[in-house]
Each structure stands twice: as C-alpha cells, then as structure tokens.
Amino acid sequence: MLPPATPSSFTFATTIAPILVALVFIAACALLKEPSRQKFSAIFVAGAGAAYLGAGFGVAELIFCMAIVPLAYRGLTDYRAIGLAWLLHSGWDLAHDLWGNPILPFAPDSSLGCFVCDPVIAIWYLLGAPSIWQRARRSGTGA
C-alpha cells in the first residue's frame with residue numbers, strides 16, 4: 001500500500017541548494033583522473049540506485065535497483081549510461097517526494113532536492129564528464 005501523497009513545495013532552498021550540491025559533486029569528481037573518475041562514478045551511481053531500498057514502494061524498490069545495476073556496469077565504459085542512471089534516479093526521487101517517502105526520512109524535502117540535483121549531474125555525465133579543472137587551467141594560461 002502506498003502512503004498518502006504529500007509532495008514538497010519548490011522554494012529557493014529546495015531549488016538552488018540542490019543545484020549547488022550538484023556543482024560541488026561535479027567539481028569534486030572532476031578532480032579524479034581517468035580512469036578513476038569513470039570507475040568511481042559507476043560505483044557511486046550503483047549505490048544511489050540502492051538508496052531507496054525499503055523506502056515504501058515494496059518490490060518496486062528492488063526492481064528499480066536491478067534496473068540501475070546494468071547501467072552502472074555499462075557506465076564503466078560509457079559515461080552516457082551513468083547519465084541515464086542519474087536521470088532514472090531523479091524520476092525515482094520525484095515518485096518518492098510525491099508519495100511522502102523522502103530519501104532521508106528526517107528531511108522531508110530531501111527527495112525533492114535530489115530530483116533537482118540529479119539531472120544537473122546527469123547532464124555532466126551525458127557530456128562525457130569532462131574535467132572542469134583542465135578547462136579552467138587552459139583558459140587561465142591563455143592557451
């Protein structure tokens with residue numbers, strides 16, 4: 001049985017803070033050199049796929065986790081698979097927010113925040129997870 005729908009409200013904090021979190025995540029991951037960046041990213045998104053296990057949607061939670069695993073595995077060689085996994089996770093975040101089962105039970109807006117954060121991360125992976133630091137160094141030296 002699903003819980004009653006209790007979606008969170010979009011506010012400045014539930015919109016801007018998750019975007020900043022995504023940008024910090026991207027900046028931190030971009031510090032990793034290849035192939036470590038890709039391996040870490042694939043493992044991390046696999047863990048994100050399991051974040052909702054036991055969060056109220058019953059067997060659907062397990063099915064979602066099982067859908068993320070092959071994408072994470074494919075992500076070991078293709079960043080686009082990691083990006084797709086983050087987009088799916090964002091959809092799962094929205095479902096949990098709409099039904100009042102946040103990813104962090106003590107933070108009611110946490111799934112809404114993840115719903116905003118995850119597509120920003122996904123875009124970076126869909127672009128091939130370029131090193132923002134390498135580009136910053138090149139533009140800073142005039143090269």
# chains A, B, ... in the order shown; residues from 1 in each chain; ligands from 1
>>> residues_around(residues="segment 115-128 of chain A", least_positions_apart="2", cutoff="6 Å", atoms="only C-alpha atoms", output="PyMOL selection string")
chain A and resi 18-19+22+79-80+83+86-87+90+93-94+112-113+130
>>> write_last_selection(atoms="N, CA and C atoms", output="compact mmCIF listing (two decimals), in the first residue's frame")
# COMPACT_ATOMS: atom_id res chain seq x y z
N PRO A 18 20.15 22.35 -4.06
CA PRO A 18 20.49 21.11 -4.77
C PRO A 18 21.34 21.34 -6.01
N ILE A 19 21.14 22.46 -6.69
CA ILE A 19 21.97 22.75 -7.86
C ILE A 19 23.40 23.00 -7.41
N ALA A 22 24.99 19.72 -6.65
CA ALA A 22 25.39 19.05 -7.89
C ALA A 22 26.69 19.62 -8.43
N TYR A 79 30.09 6.88 -20.24
CA TYR A 79 29.53 7.87 -19.32
C TYR A 79 28.04 8.12 -19.55
N ARG A 80 27.57 7.92 -20.77
CA ARG A 80 26.14 8.16 -21.03
C ARG A 80 25.25 7.24 -20.21
N GLY A 83 24.88 8.83 -16.92
CA GLY A 83 23.94 9.94 -17.03
C GLY A 83 22.50 9.45 -17.06
N TRP A 86 21.40 8.44 -13.61
CA TRP A 86 21.06 9.60 -12.77
C TRP A 86 19.70 10.17 -13.14
N LEU A 87 19.35 10.16 -14.42
CA LEU A 87 18.03 10.64 -14.83
C LEU A 87 16.93 9.73 -14.28
N SER A 90 16.51 10.43 -10.68
CA SER A 90 15.76 11.67 -10.48
C SER A 90 14.25 11.40 -10.54
N ASP A 93 13.29 9.82 -7.40
CA ASP A 93 13.22 10.86 -6.36
C ASP A 93 11.87 11.55 -6.40
N LEU A 94 11.42 11.89 -7.60
CA LEU A 94 10.13 12.57 -7.73
C LEU A 94 9.00 11.69 -7.22
N LEU A 112 12.88 15.82 -3.05
CA LEU A 112 12.70 16.93 -3.99
C LEU A 112 14.07 17.53 -4.33
N GLY A 113 14.92 17.68 -3.34
CA GLY A 113 16.27 18.19 -3.58
C GLY A 113 17.04 17.29 -4.53
N PRO A 130 33.48 15.81 -18.56
CA PRO A 130 34.76 16.50 -18.82
C PRO A 130 35.34 17.10 -17.54
>>> residues_around(residues="segment 106-109 of chain A", least_positions_apart="3", cutoff="10 Å", atoms="only C-alpha atoms", output="list in words")
Thr6, Pro7, Ser8, Ser9, Phe10, Ala13, Thr14, Asp97, Gly100, Asn101, Pro102, Ile103, Leu112, Gly113, Cys114 and Phe115 of chain A
>>> write_last_selection(atoms="N, CA and C atoms", output="PDB file, in the first residue's frame")
ATOM      1  N   THR A   6       2.061  13.472  -0.424  1.00  0.00           N
ATOM      2  CA  THR A   6       2.395  14.706   0.299  1.00  0.00           C
ATOM      3  C   THR A   6       3.619  15.338  -0.347  1.00  0.00           C
ATOM      4  N   PRO A   7       3.471  15.853  -1.566  1.00  0.00           N
ATOM      5  CA  PRO A   7       4.641  16.423  -2.243  1.00  0.00           C
ATOM      6  C   PRO A   7       5.169  17.674  -1.553  1.00  0.00           C
ATOM      7  N   SER A   8       6.477  17.881  -1.685  1.00  0.00           N
ATOM      8  CA  SER A   8       7.121  19.075  -1.138  1.00  0.00           C
ATOM      9  C   SER A   8       6.871  20.252  -2.070  1.00  0.00           C
ATOM     10  N   SER A   9       7.132  21.448  -1.549  1.00  0.00           N
ATOM     11  CA  SER A   9       6.975  22.661  -2.349  1.00  0.00           C
ATOM     12  C   SER A   9       8.333  23.131  -2.852  1.00  0.00           C
ATOM     13  N   PHE A  10       8.333  23.641  -4.074  1.00  0.00           N
ATOM     14  CA  PHE A  10       9.547  24.246  -4.598  1.00  0.00           C
ATOM     15  C   PHE A  10       9.747  25.599  -3.926  1.00  0.00           C
ATOM     16  N   ALA A  13      15.312  27.459  -1.444  1.00  0.00           N
ATOM     17  CA  ALA A  13      16.228  26.491  -0.823  1.00  0.00           C
ATOM     18  C   ALA A  13      16.150  25.115  -1.481  1.00  0.00           C
ATOM     19  N   THR A  14      14.952  24.681  -1.864  1.00  0.00           N
ATOM     20  CA  THR A  14      14.829  23.349  -2.453  1.00  0.00           C
ATOM     21  C   THR A  14      15.200  23.342  -3.929  1.00  0.00           C
ATOM     22  N   ASP A  97       9.065  11.751  -3.518  1.00  0.00           N
ATOM     23  CA  ASP A  97       8.603  13.028  -2.977  1.00  0.00           C
ATOM     24  C   ASP A  97       7.081  13.132  -3.069  1.00  0.00           C
ATOM     25  N   GLY A 100       5.508  11.081  -0.383  1.00  0.00           N
ATOM     26  CA  GLY A 100       5.876  11.371   1.002  1.00  0.00           C
ATOM     27  C   GLY A 100       6.862  10.415   1.625  1.00  0.00           C
ATOM     28  N   ASN A 101       7.715   9.789   0.805  1.00  0.00           N
ATOM     29  CA  ASN A 101       8.757   8.897   1.308  1.00  0.00           C
ATOM     30  C   ASN A 101      10.121   9.449   0.937  1.00  0.00           C
ATOM     31  N   PRO A 102      10.583  10.473   1.633  1.00  0.00           N
ATOM     32  CA  PRO A 102      11.861  11.097   1.240  1.00  0.00           C
ATOM     33  C   PRO A 102      13.042  10.156   1.440  1.00  0.00           C
ATOM     34  N   ILE A 103      14.101  10.426   0.675  1.00  0.00           N
ATOM     35  CA  ILE A 103      15.313   9.608   0.743  1.00  0.00           C
ATOM     36  C   ILE A 103      15.930   9.671   2.141  1.00  0.00           C
ATOM     37  N   LEU A 112      12.877  15.824  -3.050  1.00  0.00           N
ATOM     38  CA  LEU A 112      12.705  16.930  -3.991  1.00  0.00           C
ATOM     39  C   LEU A 112      14.068  17.529  -4.335  1.00  0.00           C
ATOM     40  N   GLY A 113      14.924  17.681  -3.341  1.00  0.00           N
ATOM     41  CA  GLY A 113      16.267  18.190  -3.583  1.00  0.00           C
ATOM     42  C   GLY A 113      17.039  17.288  -4.525  1.00  0.00           C
ATOM     43  N   CYS A 114      16.938  15.984  -4.323  1.00  0.00           N
ATOM     44  CA  CYS A 114      17.617  15.041  -5.224  1.00  0.00           C
ATOM     45  C   CYS A 114      17.019  15.099  -6.621  1.00  0.00           C
ATOM     46  N   PHE A 115      15.707  15.299  -6.706  1.00  0.00           N
ATOM     47  CA  PHE A 115      15.045  15.427  -8.004  1.00  0.00           C
ATOM     48  C   PHE A 115      15.615  16.607  -8.793  1.00  0.00           C
TER      49      PHE A 115
END
>>> closest_residue(among="A:Leu84, A:Ala48, A:Ala95, A:Leu53", to="Ser111 of chain A", atoms="only C-alpha atoms")
A:Ala95
>>> closest_residue(among="A:Leu104, A:Ala72, A:Ala81, A:Ile16", to="Val45 of chain A", atoms="only C-alpha atoms")
A:Ala72
>>> select_by_dssp(residues="chain A", states="helix (DSSP H, G or I)", output="number ranges by chain")
A: 12-30, 36-49, 59-74, 79-98, 110-126, 132-140
>>> residues_around(residues="Pro70 of chain A", least_positions_apart="3", cutoff="12 Å", atoms="only C-alpha atoms", output="VMD selection string")
chain A and resid 42 to 43 45 to 46 49 63 to 67 73 to 78 81 to 82 84 to 85
>>> atom_distance(atom1="atom CA of Ser110 of chain A", atom2="atom CA of Phe40 of chain A")
23.3 Å
>>> atom_distance(atom1="atom CA of Gln134 of chain A", atom2="atom CA of His89 of chain A")
28.4 Å
